[in-house]
Amino acid sequence: MSDTTPRSVRTPREVLADYHQAMRDKSPDDLAGLYAVDAVHEFPFTSPGFPPRLEGREAVREGYRAAWGASPVRVQEITDVTVHETVTPGVIVAEHVVVVSPPSGGAAFTVPGLLVLRVKDGLLTHVRDYMDGLGVVQLRGQTPA
């Protein structure tokens, strides 16, 4: 493809599908590739081991490299995905349940979540990531306080 050939711009739903694939693959590089250079990723519900905010593509890459690298669990599947369109162009709200398996081979855990994605020119510019903090604690084998 030459520099003058327009590239296909991903829709918000396509970005979401790629986001979920990066989660399944535990690939911080693939995830970061979905973000604009100056994007913001926020975690409004605090969870142990996650900062409340990541600013910029490289912060997303490094934050997820650390989080996914420290976690031995694997995403088995992402289920119950429901996408809600909004009146704002490029903004969708996605509900999902992440099913993960512990390395011990024990029973799978589920972690419900909700994402508010803002996409411009096929890249994430802002993400609000609401995940089940108690579920994350259980995944890490910690006892909730």
# chains A, B, ... in the order shown; residues from 1 in each chain; ligands from 1
call {"tool": "select_by_dssp", "arguments": {"residues": "stretch 16-144 of chain A", "states": "strand (DSSP E)", "output": "NGL selection string"}}
result
:A and (35-42 or 53-55 or 74-85 or 91-101 or 109-120 or 123-131)
call {"tool": "residues_around", "arguments": {"residues": "A:Leu124", "least_positions_apart": "6", "cutoff": "6 Å", "atoms": "only C-alpha atoms", "output": "list in words"}}
result
Leu34, Tyr35, Ala36 and Arg118 of chain A
call {"tool": "residues_around", "arguments": {"residues": "stretch 91-97 of chain A", "least_positions_apart": "3", "cutoff": "9 Å", "atoms": "only C-alpha atoms", "output": "PyMOL selection string"}}
result
chain A and resi 12-13+16+77-88+110-120
call {"tool": "closest_residue", "arguments": {"among": "A:Val127, A:Val98, A:Val75, A:Ala59", "to": "A:Asp29", "atoms": "only C-alpha atoms"}}
result
A:Ala59
call {"tool": "residues_around", "arguments": {"residues": "A:His41", "least_positions_apart": "2", "cutoff": "10 Å", "atoms": "only C-alpha atoms", "output": "list in words"}}
result
Tyr35, Ala39, Phe43, Pro44, Pro51, Pro52, Arg53, Leu54, Glu55, Gly56, Arg57, Ala59, Val60, Val116, Leu117, Leu124, Thr125, His126, Val127, Arg128 and Asp129 of chain A
call {"tool": "residues_around", "arguments": {"residues": "A:Pro28", "least_positions_apart": "3", "cutoff": "10 Å", "atoms": "only C-alpha atoms", "output": "list in words"}}
result
Ala22, Met23, Asp25, Leu31, Ala32, Gly33, Glu58, Val60, Arg61, Glu62, Gly63, Tyr64, Arg65, Ala66, Ala67, Trp68 and Gly69 of chain A
call {"tool": "closest_residue", "arguments": {"among": "A:Gln21, A:Gly90, A:Ser47, A:Ala70", "to": "A:Leu123", "atoms": "only C-alpha atoms"}}
result
A:Gly90
call {"tool": "atom_distance", "arguments": {"atom1": "atom CA of A:Arg74", "atom2": "atom CA of A:Ala17"}}
result
17.6 Å
call {"tool": "atom_distance", "arguments": {"atom1": "atom CA of A:Pro102", "atom2": "atom CA of A:Gln76"}}
result
9.9 Å
call {"tool": "atom_distance", "arguments": {"atom1": "atom CA of A:Pro89", "atom2": "atom CA of A:Val40"}}
result
17.9 Å
call {"tool": "closest_residue", "arguments": {"among": "A:Tyr130, A:Lys26, A:Ala107, A:Tyr19", "to": "A:Ser71", "atoms": "only C-alpha atoms"}}
result
A:Lys26
